[in-house]
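These notes are about the structure you will find just below.
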Amino acid sequence: MFGLKNQENQLFHQQWTGQLTEYITAINWSIQGDLAASSAAGEVMLWQSQSESSVLLLKPYDTQDQSINCLGFSADGQFLAAGGQDGKIRIWQIQPELDLIHTLDFGSQWIEHLCWHTNKQELAFSLGRYVQVWDAVAGEIIITLPFASSSVLGLTWQPLGERLAMAGNGGIKVWDRKNWDEDPLILEMPGACTQVAWSFDGEYIAGSCLDQTVWLWRWGNNEPWRMTGFGGKVRNLTWSKPKSGVAPLLAVSSYENIIVWKKAEKDEQGWFSRALSLHNDKICDLQFHPQSLLLASVAEDGMLLLWQKAKQLTQRLTGASSGFSVVAWHPSGNQLAAGGQASEVLVWTKSQRGQGFG
């Protein structure tokens with residue numbers, strides 16, 4: 001079916017399977033190799049790869065069965081934060097001992113997005129039309145930033161941590177971390193920007209628009225490239241860390257299709273695209289390998305597909321009984337985790353006989 005000639009030479013094999021009670025909403029690895037997963041039932045689980053043991057940090061009755069929407073480890077792996085529909089952000093200290101050290105309570109305001117600074121212990125999170133930044137060392141809010149025109153639909157730090165970008169109605173707003181009091185740079189779109197993604201070198205920033213387009217800027221140049229032809233709502237954006245030619249690759253999913261964009265050598269030539277079309281249902285998540293152009297995609301069809309050089313299918317992984325929801329690479333690239341729509345959490349590890357990732 002998929003044209004895989006050598007089934008014995010597989011890149012990854014399954015290492016571990018865990019189970020929560022509902023749809024897996026988010027997963028994230030720490031730099032030390034701990035894996036956190038959250039569910040629509042309000043659970044948070046921590047799996048430690050060295051001991052292959054897991055602990056349930058939050059149970060459904062802790063959150064009144066309300067979904068945990070987002071979670072993430074600080075860059076040094078010392079803290080884990082999770083937020084959701086009960087209006088609370090909980091922060092656990094992982095090292096030296098596991099302990100719930102802070103609970104930020106925002107009442108009835110859902111927490112939809114959070115992300116840690118790329119090298120500092122600062123946590124940004126959305127509160128409707130606002131974003132706040134919390135300092136884990138001082139234990140206090142540093143700044144409150146308004147989006148004003150809509151709820152915040154996407155949130156991410158620039159890879160060097162110098163800027164914070166948020167997506168919403170009318171485009172992207174980018175704030176300078178060293179000058180919070182200054183007005184943000186606004187990258188305008190004709191409709192709502194549903195998500196935003198920086199390239200790992202910080203040179204490019206991309207945003208998806210509700211009009212089924214992707215807008216792409218080179219940082220410092222306000223004239224964007226506009227990508228079209230997706231045939232449906234754009235659901236995922238992800239950049240490769242290594243470059244392919246003069247720039248990293250940008251992978252975009254729309255329903256069951258993936259479009260991979262590669263920049264031409266000259267700016268005026270724009271970006272060229274190729275399609276990857278082996279999924280049979282809506283793609284829920286995309287992630288590039290941290291050291292290569294290997295691309296992982298998961299979909300409601302119950303398949304996790306690995307694409308060598310973001311071109312050719314090299315392995316198909318299964319294990320979710322009714323489709324996958326999220327996927328994440330370990331920072332080393334030697335492990336891969338995915339969450340299922342029927343509550344499974346699965347971990348695969350690199351096979352000794354597997355070839356290079358390319």
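Following the order of the structure tokens, first chain is A, next is B, and so on, with residues numbered from 1 inside each chain and ligands from 1 in the order they appear.
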
Per-residue DSSP, range 124-293 of chain A, filtered to helix (DSSP H, G or I), as a PDB file with all heavy atoms, in the first residue's frame:
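And here's result02.pdb as it stands now:
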ATOM      1  N   ARG A 177      10.864  41.635  23.920  1.00  0.00           N
ATOM      2  CA  ARG A 177      10.980  41.298  25.338  1.00  0.00           C
ATOM      3  C   ARG A 177      11.772  42.336  26.119  1.00  0.00           C
ATOM      4  O   ARG A 177      11.516  42.544  27.320  1.00  0.00           O
ATOM      5  CB  ARG A 177      11.635  39.913  25.483  1.00  0.00           C
ATOM      6  CG  ARG A 177      11.788  39.459  26.933  1.00  0.00           C
ATOM      7  CD  ARG A 177      12.514  38.135  27.028  1.00  0.00           C
ATOM      8  NE  ARG A 177      12.855  37.851  28.417  1.00  0.00           N
ATOM      9  CZ  ARG A 177      13.940  38.328  29.030  1.00  0.00           C
ATOM     10  NH1 ARG A 177      14.803  39.097  28.366  1.00  0.00           N
ATOM     11  NH2 ARG A 177      14.175  38.027  30.301  1.00  0.00           N
ATOM     12  N   LYS A 178      12.733  43.007  25.507  1.00  0.00           N
ATOM     13  CA  LYS A 178      13.539  43.997  26.208  1.00  0.00           C
ATOM     14  C   LYS A 178      12.821  45.333  26.350  1.00  0.00           C
ATOM     15  O   LYS A 178      13.259  46.200  27.111  1.00  0.00           O
ATOM     16  CB  LYS A 178      14.871  44.201  25.482  1.00  0.00           C
ATOM     17  CG  LYS A 178      15.763  42.965  25.496  1.00  0.00           C
ATOM     18  CD  LYS A 178      17.076  43.229  24.772  1.00  0.00           C
ATOM     19  CE  LYS A 178      17.973  41.996  24.792  1.00  0.00           C
ATOM     20  NZ  LYS A 178      19.246  42.238  24.044  1.00  0.00           N
ATOM     21  N   ASN A 179      11.736  45.498  25.610  1.00  0.00           N
ATOM     22  CA  ASN A 179      11.003  46.765  25.632  1.00  0.00           C
ATOM     23  C   ASN A 179       9.509  46.485  25.607  1.00  0.00           C
ATOM     24  O   ASN A 179       8.810  46.805  24.636  1.00  0.00           O
ATOM     25  CB  ASN A 179      11.402  47.647  24.432  1.00  0.00           C
ATOM     26  CG  ASN A 179      12.875  48.003  24.428  1.00  0.00           C
ATOM     27  OD1 ASN A 179      13.318  48.847  25.183  1.00  0.00           O
ATOM     28  ND2 ASN A 179      13.634  47.340  23.577  1.00  0.00           N
ATOM     29  N   ASP A 267      14.891  35.724  -3.716  1.00  0.00           N
ATOM     30  CA  ASP A 267      13.634  36.088  -3.083  1.00  0.00           C
ATOM     31  C   ASP A 267      12.508  36.266  -4.087  1.00  0.00           C
ATOM     32  O   ASP A 267      11.361  35.883  -3.830  1.00  0.00           O
ATOM     33  CB  ASP A 267      13.799  37.374  -2.267  1.00  0.00           C
ATOM     34  CG  ASP A 267      14.499  37.140  -0.943  1.00  0.00           C
ATOM     35  OD1 ASP A 267      14.877  35.979  -0.671  1.00  0.00           O
ATOM     36  OD2 ASP A 267      14.668  38.108  -0.178  1.00  0.00           O
ATOM     37  N   GLU A 268      12.818  36.854  -5.227  1.00  0.00           N
ATOM     38  CA  GLU A 268      11.765  37.127  -6.212  1.00  0.00           C
ATOM     39  C   GLU A 268      11.177  35.855  -6.822  1.00  0.00           C
ATOM     40  O   GLU A 268      10.083  35.874  -7.397  1.00  0.00           O
ATOM     41  CB  GLU A 268      12.285  38.045  -7.323  1.00  0.00           C
ATOM     42  CG  GLU A 268      13.493  37.521  -8.085  1.00  0.00           C
ATOM     43  CD  GLU A 268      14.824  37.973  -7.494  1.00  0.00           C
ATOM     44  OE1 GLU A 268      14.848  38.303  -6.286  1.00  0.00           O
ATOM     45  OE2 GLU A 268      15.809  37.997  -8.248  1.00  0.00           O
ATOM     46  N   GLN A 269      11.880  34.737  -6.671  1.00  0.00           N
ATOM     47  CA  GLN A 269      11.355  33.460  -7.169  1.00  0.00           C
ATOM     48  C   GLN A 269      10.413  32.791  -6.178  1.00  0.00           C
ATOM     49  O   GLN A 269       9.728  31.822  -6.522  1.00  0.00           O
ATOM     50  CB  GLN A 269      12.518  32.510  -7.497  1.00  0.00           C
ATOM     51  CG  GLN A 269      13.388  32.990  -8.649  1.00  0.00           C
ATOM     52  CD  GLN A 269      14.579  32.075  -8.889  1.00  0.00           C
ATOM     53  OE1 GLN A 269      15.287  31.678  -7.949  1.00  0.00           O
ATOM     54  NE2 GLN A 269      14.800  31.710 -10.143  1.00  0.00           N
TER      55      GLN A 269
END

For Met227 in chain A: contacts at 8 Å, only C-alpha atoms, fewer than 5 positions along chain excluded, given as a ChimeraX atom specification: /A:213-216

Write the residues you've just listed into a file as a PDB file, in the first residue's frame, and include N, CA, C and O atoms for each of them.
ATOM      1  N   THR A 213      -4.990  30.483   3.485  1.00  0.00           N
ATOM      2  CA  THR A 213      -3.677  30.874   2.980  1.00  0.00           C
ATOM      3  C   THR A 213      -2.668  30.832   4.116  1.00  0.00           C
ATOM      4  O   THR A 213      -3.025  30.762   5.301  1.00  0.00           O
ATOM      5  N   VAL A 214      -1.393  30.867   3.758  1.00  0.00           N
ATOM      6  CA  VAL A 214      -0.300  31.027   4.709  1.00  0.00           C
ATOM      7  C   VAL A 214       0.503  32.252   4.294  1.00  0.00           C
ATOM      8  O   VAL A 214       0.844  32.412   3.103  1.00  0.00           O
ATOM      9  N   TRP A 215       0.791  33.109   5.250  1.00  0.00           N
ATOM     10  CA  TRP A 215       1.586  34.308   5.009  1.00  0.00           C
ATOM     11  C   TRP A 215       2.945  34.121   5.671  1.00  0.00           C
ATOM     12  O   TRP A 215       3.049  33.618   6.789  1.00  0.00           O
ATOM     13  N   LEU A 216       3.980  34.535   4.954  1.00  0.00           N
ATOM     14  CA  LEU A 216       5.345  34.259   5.387  1.00  0.00           C
ATOM     15  C   LEU A 216       6.194  35.514   5.210  1.00  0.00           C
ATOM     16  O   LEU A 216       6.223  36.103   4.129  1.00  0.00           O
TER      17      LEU A 216
END

Taking only C-alpha atoms into account, which of A:Val252, A:Ala40, A:Leu98, A:Ile283 comes nearest Thr238 in chain A? A:Val252

Pick from A:Phe79, A:Phe125, A:Tyr23, A:Trp134, whichever lies nearest to Gly154 in chain A using only C-alpha atoms: A:Phe125

How close does range 21-78 of chain A get to range 315-329 of chain A? List, as a Markdown table, each residue of range 21-78 of chain A within 12 Å, its nearest atom pair and the distance in Å to one decimal, counting only C-alpha atoms.
| residue | atom | partner | partner_atom | distance |
| --- | --- | --- | --- | --- |
| A:Glu22 | CA | A:Ser325 | CA | 11.4 |
| A:Tyr23 | CA | A:Ser325 | CA | 7.7 |
| A:Ile24 | CA | A:Ser325 | CA | 6.5 |
| A:Thr25 | CA | A:Ser325 | CA | 7.0 |
| A:Ala26 | CA | A:Val326 | CA | 6.3 |
| A:Ile27 | CA | A:Ala328 | CA | 6.7 |
| A:Asn28 | CA | A:Ala328 | CA | 6.4 |
| A:Trp29 | CA | A:Ala328 | CA | 7.3 |
| A:Ser30 | CA | A:Trp329 | CA | 10.2 |
| A:Ile31 | CA | A:Trp329 | CA | 10.8 |
| A:Gly33 | CA | A:Trp329 | CA | 10.3 |
| A:Asp34 | CA | A:Trp329 | CA | 11.7 |
| A:Leu35 | CA | A:Ala328 | CA | 9.5 |
| A:Ala36 | CA | A:Ala328 | CA | 10.5 |
| A:Ala37 | CA | A:Val326 | CA | 9.8 |
| A:Ser38 | CA | A:Val326 | CA | 10.6 |
| A:Ser39 | CA | A:Ser325 | CA | 10.6 |
| A:Ala40 | CA | A:Ser325 | CA | 11.4 |
| A:Asn69 | CA | A:Val326 | CA | 12.0 |
| A:Cys70 | CA | A:Val326 | CA | 11.5 |
| A:Gly72 | CA | A:Ala328 | CA | 11.5 |

Store the residues picked out above, limited to C-alpha atoms, as a PDB file, in the first residue's frame.
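Final output, result24.pdb:
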ATOM      1  CA  GLU A  22      -9.878  10.676  27.362  1.00  0.00           C
ATOM      2  CA  TYR A  23      -8.600  12.289  24.148  1.00  0.00           C
ATOM      3  CA  ILE A  24      -4.931  13.315  24.445  1.00  0.00           C
ATOM      4  CA  THR A  25      -4.781  17.086  24.050  1.00  0.00           C
ATOM      5  CA  ALA A  26      -1.026  17.778  24.370  1.00  0.00           C
ATOM      6  CA  ILE A  27       2.336  16.067  24.848  1.00  0.00           C
ATOM      7  CA  ASN A  28       5.777  17.524  25.496  1.00  0.00           C
ATOM      8  CA  TRP A  29       9.299  16.252  26.196  1.00  0.00           C
ATOM      9  CA  SER A  30      11.793  17.775  28.611  1.00  0.00           C
ATOM     10  CA  ILE A  31      15.453  18.046  27.760  1.00  0.00           C
ATOM     11  CA  GLY A  33      13.786  12.889  28.649  1.00  0.00           C
ATOM     12  CA  ASP A  34      10.637  13.190  30.763  1.00  0.00           C
ATOM     13  CA  LEU A  35       7.374  13.079  28.822  1.00  0.00           C
ATOM     14  CA  ALA A  36       4.206  14.886  29.894  1.00  0.00           C
ATOM     15  CA  ALA A  37       0.747  14.243  28.439  1.00  0.00           C
ATOM     16  CA  SER A  38      -2.643  15.832  29.128  1.00  0.00           C
ATOM     17  CA  SER A  39      -6.202  14.794  28.356  1.00  0.00           C
ATOM     18  CA  ALA A  40      -9.660  16.197  27.706  1.00  0.00           C
ATOM     19  CA  ASN A  69      -5.573  22.273  26.806  1.00  0.00           C
ATOM     20  CA  CYS A  70      -1.841  22.961  26.890  1.00  0.00           C
ATOM     21  CA  GLY A  72       5.081  22.388  28.444  1.00  0.00           C
TER      22      GLY A  72
END

Pick from A:Glu256, A:Trp261, A:Lys241, A:Glu223: nearest to Leu293 in chain A, with only C-alpha atoms counted?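 Closest to Leu293 in chain A, using only C-alpha atoms: A:Lys241.
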
Quick one: residues within 10 Å of Gln32 in chain A, only C-alpha atoms, excluding same-chain residues fewer than 6 positions away - as a ChimeraX atom specification? /A:48-50,76-78,330-332

Write the residues you've just listed into a file as a compact mmCIF listing (two decimals), in the first residue's frame, and include N, CA, C and O atoms for each of them.
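Final output, result.txt:
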# COMPACT_ATOMS: atom_id res chain seq x y z
N GLN A 48 8.72 9.00 32.95
CA GLN A 48 10.17 9.18 33.02
C GLN A 48 10.84 8.04 32.28
O GLN A 48 10.72 6.86 32.66
N SER A 49 11.53 8.38 31.21
CA SER A 49 12.04 7.36 30.29
C SER A 49 13.13 6.49 30.91
O SER A 49 13.25 5.31 30.57
N GLN A 50 13.91 7.03 31.83
CA GLN A 50 15.00 6.23 32.42
C GLN A 50 14.45 5.05 33.21
O GLN A 50 14.98 3.95 33.14
N ASP A 76 15.08 24.34 30.68
CA ASP A 76 16.03 23.55 31.45
C ASP A 76 15.41 22.28 32.02
O ASP A 76 16.08 21.50 32.70
N GLY A 77 14.12 22.05 31.77
CA GLY A 77 13.44 20.86 32.25
C GLY A 77 13.10 20.89 33.73
O GLY A 77 12.59 19.90 34.26
N GLN A 78 13.32 22.02 34.41
CA GLN A 78 13.11 22.08 35.85
C GLN A 78 11.63 22.21 36.20
O GLN A 78 11.19 21.76 37.26
N HIS A 330 11.48 13.70 20.98
CA HIS A 330 12.43 13.92 22.07
C HIS A 330 13.50 14.88 21.56
O HIS A 330 13.85 14.85 20.37
N PRO A 331 14.04 15.78 22.40
CA PRO A 331 15.07 16.72 21.94
C PRO A 331 16.27 16.07 21.27
O PRO A 331 16.90 16.68 20.40
N SER A 332 16.59 14.84 21.64
CA SER A 332 17.72 14.14 21.00
C SER A 332 17.35 13.58 19.63
O SER A 332 18.24 13.24 18.84

As an MDAnalysis selection string, please: the residues near Leu57 in chain A (cut-off 8 Å, only C-alpha atoms, same-chain neighbours under 4 positions excluded). chainID A and resid 43:46

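Going from CA of Lys263 in chain A over to CA of Trp157 in chain A, you cover 23.0 Å.
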
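Candidate residues A:Cys115, A:Leu164, A:Leu104, A:Leu336 were compared for distance to Glu140 in chain A, and the nearest is A:Leu104, using only C-alpha atoms.
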
Using only C-alpha atoms, which protein or nucleic acid residues come within 7 Å of range 89-91 of chain A? Drop anything in the same chain fewer than 6 positions from it, and give the result as a count of residues only. 11

I'd like to know which residues of range 192-294 of chain A are strand (DSSP E) (by DSSP, run on the backbone); could you write them as a PyMOL selection string? chain A and resi 192-198+204-209+213-218+225-227+234-244+247-254+257-263+271-276+283-288

Quick one, how far is CA of Val260 in chain A from CA of Glu300 in chain A?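 A separation of 20.1 Å between them.
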
Which residues are near Gln85 in chain A? Cut-off 10 Å, only C-alpha atoms, ignore same chain within fewer than 3 positions. Put them as a list in words.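 Residues meeting the cut-off are Ala40, Gly42, Thr63, Gln64, Asp65, Gln66, Ser67, Ile68, Asn69, Cys70, Lys88, Ile89, Gly107, Ser108, Gln109, Trp110, Ile111 and Glu112 of chain A.
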
Hey, can you spit out that residue selection with N, CA, C and O atoms as a PDB file, in the first residue's frame?
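Output contents, as saved in part18.pdb:
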ATOM      1  N   ALA A  40      -8.418  15.437  27.676  1.00  0.00           N
ATOM      2  CA  ALA A  40      -9.660  16.197  27.706  1.00  0.00           C
ATOM      3  C   ALA A  40     -10.450  15.954  28.976  1.00  0.00           C
ATOM      4  O   ALA A  40     -11.421  16.662  29.247  1.00  0.00           O
ATOM      5  N   GLY A  42      -9.010  16.290  31.894  1.00  0.00           N
ATOM      6  CA  GLY A  42      -8.353  17.080  32.921  1.00  0.00           C
ATOM      7  C   GLY A  42      -7.175  16.412  33.583  1.00  0.00           C
ATOM      8  O   GLY A  42      -6.745  16.820  34.667  1.00  0.00           O
ATOM      9  N   THR A  63      -9.675  18.647  38.411  1.00  0.00           N
ATOM     10  CA  THR A  63     -10.049  19.708  37.474  1.00  0.00           C
ATOM     11  C   THR A  63     -11.544  19.714  37.181  1.00  0.00           C
ATOM     12  O   THR A  63     -11.976  20.396  36.249  1.00  0.00           O
ATOM     13  N   GLN A  64     -12.322  18.938  37.935  1.00  0.00           N
ATOM     14  CA  GLN A  64     -13.775  18.801  37.715  1.00  0.00           C
ATOM     15  C   GLN A  64     -14.069  18.339  36.285  1.00  0.00           C
ATOM     16  O   GLN A  64     -14.999  18.808  35.643  1.00  0.00           O
ATOM     17  N   ASP A  65     -13.241  17.412  35.810  1.00  0.00           N
ATOM     18  CA  ASP A  65     -13.379  16.809  34.480  1.00  0.00           C
ATOM     19  C   ASP A  65     -13.269  17.817  33.339  1.00  0.00           C
ATOM     20  O   ASP A  65     -13.718  17.551  32.218  1.00  0.00           O
ATOM     21  N   GLN A  66     -12.652  18.954  33.585  1.00  0.00           N
ATOM     22  CA  GLN A  66     -12.468  19.947  32.533  1.00  0.00           C
ATOM     23  C   GLN A  66     -11.109  19.757  31.865  1.00  0.00           C
ATOM     24  O   GLN A  66     -10.110  19.466  32.510  1.00  0.00           O
ATOM     25  N   SER A  67     -11.085  19.948  30.569  1.00  0.00           N
ATOM     26  CA  SER A  67      -9.919  19.628  29.751  1.00  0.00           C
ATOM     27  C   SER A  67      -8.681  20.441  30.138  1.00  0.00           C
ATOM     28  O   SER A  67      -8.767  21.635  30.436  1.00  0.00           O
ATOM     29  N   ILE A  68      -7.526  19.779  30.104  1.00  0.00           N
ATOM     30  CA  ILE A  68      -6.243  20.479  30.101  1.00  0.00           C
ATOM     31  C   ILE A  68      -5.876  20.687  28.636  1.00  0.00           C
ATOM     32  O   ILE A  68      -5.725  19.731  27.876  1.00  0.00           O
ATOM     33  N   ASN A  69      -5.753  21.952  28.225  1.00  0.00           N
ATOM     34  CA  ASN A  69      -5.573  22.273  26.806  1.00  0.00           C
ATOM     35  C   ASN A  69      -4.119  22.354  26.367  1.00  0.00           C
ATOM     36  O   ASN A  69      -3.817  22.148  25.190  1.00  0.00           O
ATOM     37  N   CYS A  70      -3.216  22.688  27.299  1.00  0.00           N
ATOM     38  CA  CYS A  70      -1.841  22.961  26.890  1.00  0.00           C
ATOM     39  C   CYS A  70      -0.897  22.660  28.044  1.00  0.00           C
ATOM     40  O   CYS A  70      -1.271  22.786  29.225  1.00  0.00           O
ATOM     41  N   LYS A  88      -7.038  27.498  35.571  1.00  0.00           N
ATOM     42  CA  LYS A  88      -5.849  27.439  36.420  1.00  0.00           C
ATOM     43  C   LYS A  88      -4.627  27.006  35.620  1.00  0.00           C
ATOM     44  O   LYS A  88      -4.723  26.179  34.711  1.00  0.00           O
ATOM     45  N   ILE A  89      -3.497  27.580  35.979  1.00  0.00           N
ATOM     46  CA  ILE A  89      -2.201  27.110  35.489  1.00  0.00           C
ATOM     47  C   ILE A  89      -1.462  26.526  36.675  1.00  0.00           C
ATOM     48  O   ILE A  89      -1.257  27.192  37.697  1.00  0.00           O
ATOM     49  N   GLY A 107      -9.969  32.139  37.571  1.00  0.00           N
ATOM     50  CA  GLY A 107     -11.420  32.016  37.615  1.00  0.00           C
ATOM     51  C   GLY A 107     -11.976  31.252  36.438  1.00  0.00           C
ATOM     52  O   GLY A 107     -11.554  30.134  36.138  1.00  0.00           O
ATOM     53  N   SER A 108     -12.926  31.872  35.741  1.00  0.00           N
ATOM     54  CA  SER A 108     -13.619  31.194  34.640  1.00  0.00           C
ATOM     55  C   SER A 108     -12.916  31.344  33.289  1.00  0.00           C
ATOM     56  O   SER A 108     -13.408  30.865  32.269  1.00  0.00           O
ATOM     57  N   GLN A 109     -11.762  31.997  33.256  1.00  0.00           N
ATOM     58  CA  GLN A 109     -11.055  32.237  31.995  1.00  0.00           C
ATOM     59  C   GLN A 109     -10.278  30.990  31.562  1.00  0.00           C
ATOM     60  O   GLN A 109      -9.385  30.524  32.268  1.00  0.00           O
ATOM     61  N   TRP A 110     -10.625  30.434  30.412  1.00  0.00           N
ATOM     62  CA  TRP A 110      -9.924  29.252  29.905  1.00  0.00           C
ATOM     63  C   TRP A 110      -8.493  29.603  29.527  1.00  0.00           C
ATOM     64  O   TRP A 110      -8.221  30.686  28.994  1.00  0.00           O
ATOM     65  N   ILE A 111      -7.596  28.664  29.745  1.00  0.00           N
ATOM     66  CA  ILE A 111      -6.200  28.804  29.316  1.00  0.00           C
ATOM     67  C   ILE A 111      -6.027  27.960  28.052  1.00  0.00           C
ATOM     68  O   ILE A 111      -6.053  26.734  28.106  1.00  0.00           O
ATOM     69  N   GLU A 112      -5.858  28.625  26.917  1.00  0.00           N
ATOM     70  CA  GLU A 112      -5.779  27.916  25.634  1.00  0.00           C
ATOM     71  C   GLU A 112      -4.349  27.699  25.149  1.00  0.00           C
ATOM     72  O   GLU A 112      -4.073  26.751  24.418  1.00  0.00           O
TER      73      GLU A 112
END

List the spatial neighbours of range 147-150 of chain A as a count of residues only - criterion: any atom at most 7 Å away, only C-alpha atoms, same-chain residues fewer than 4 positions off excluded. 4
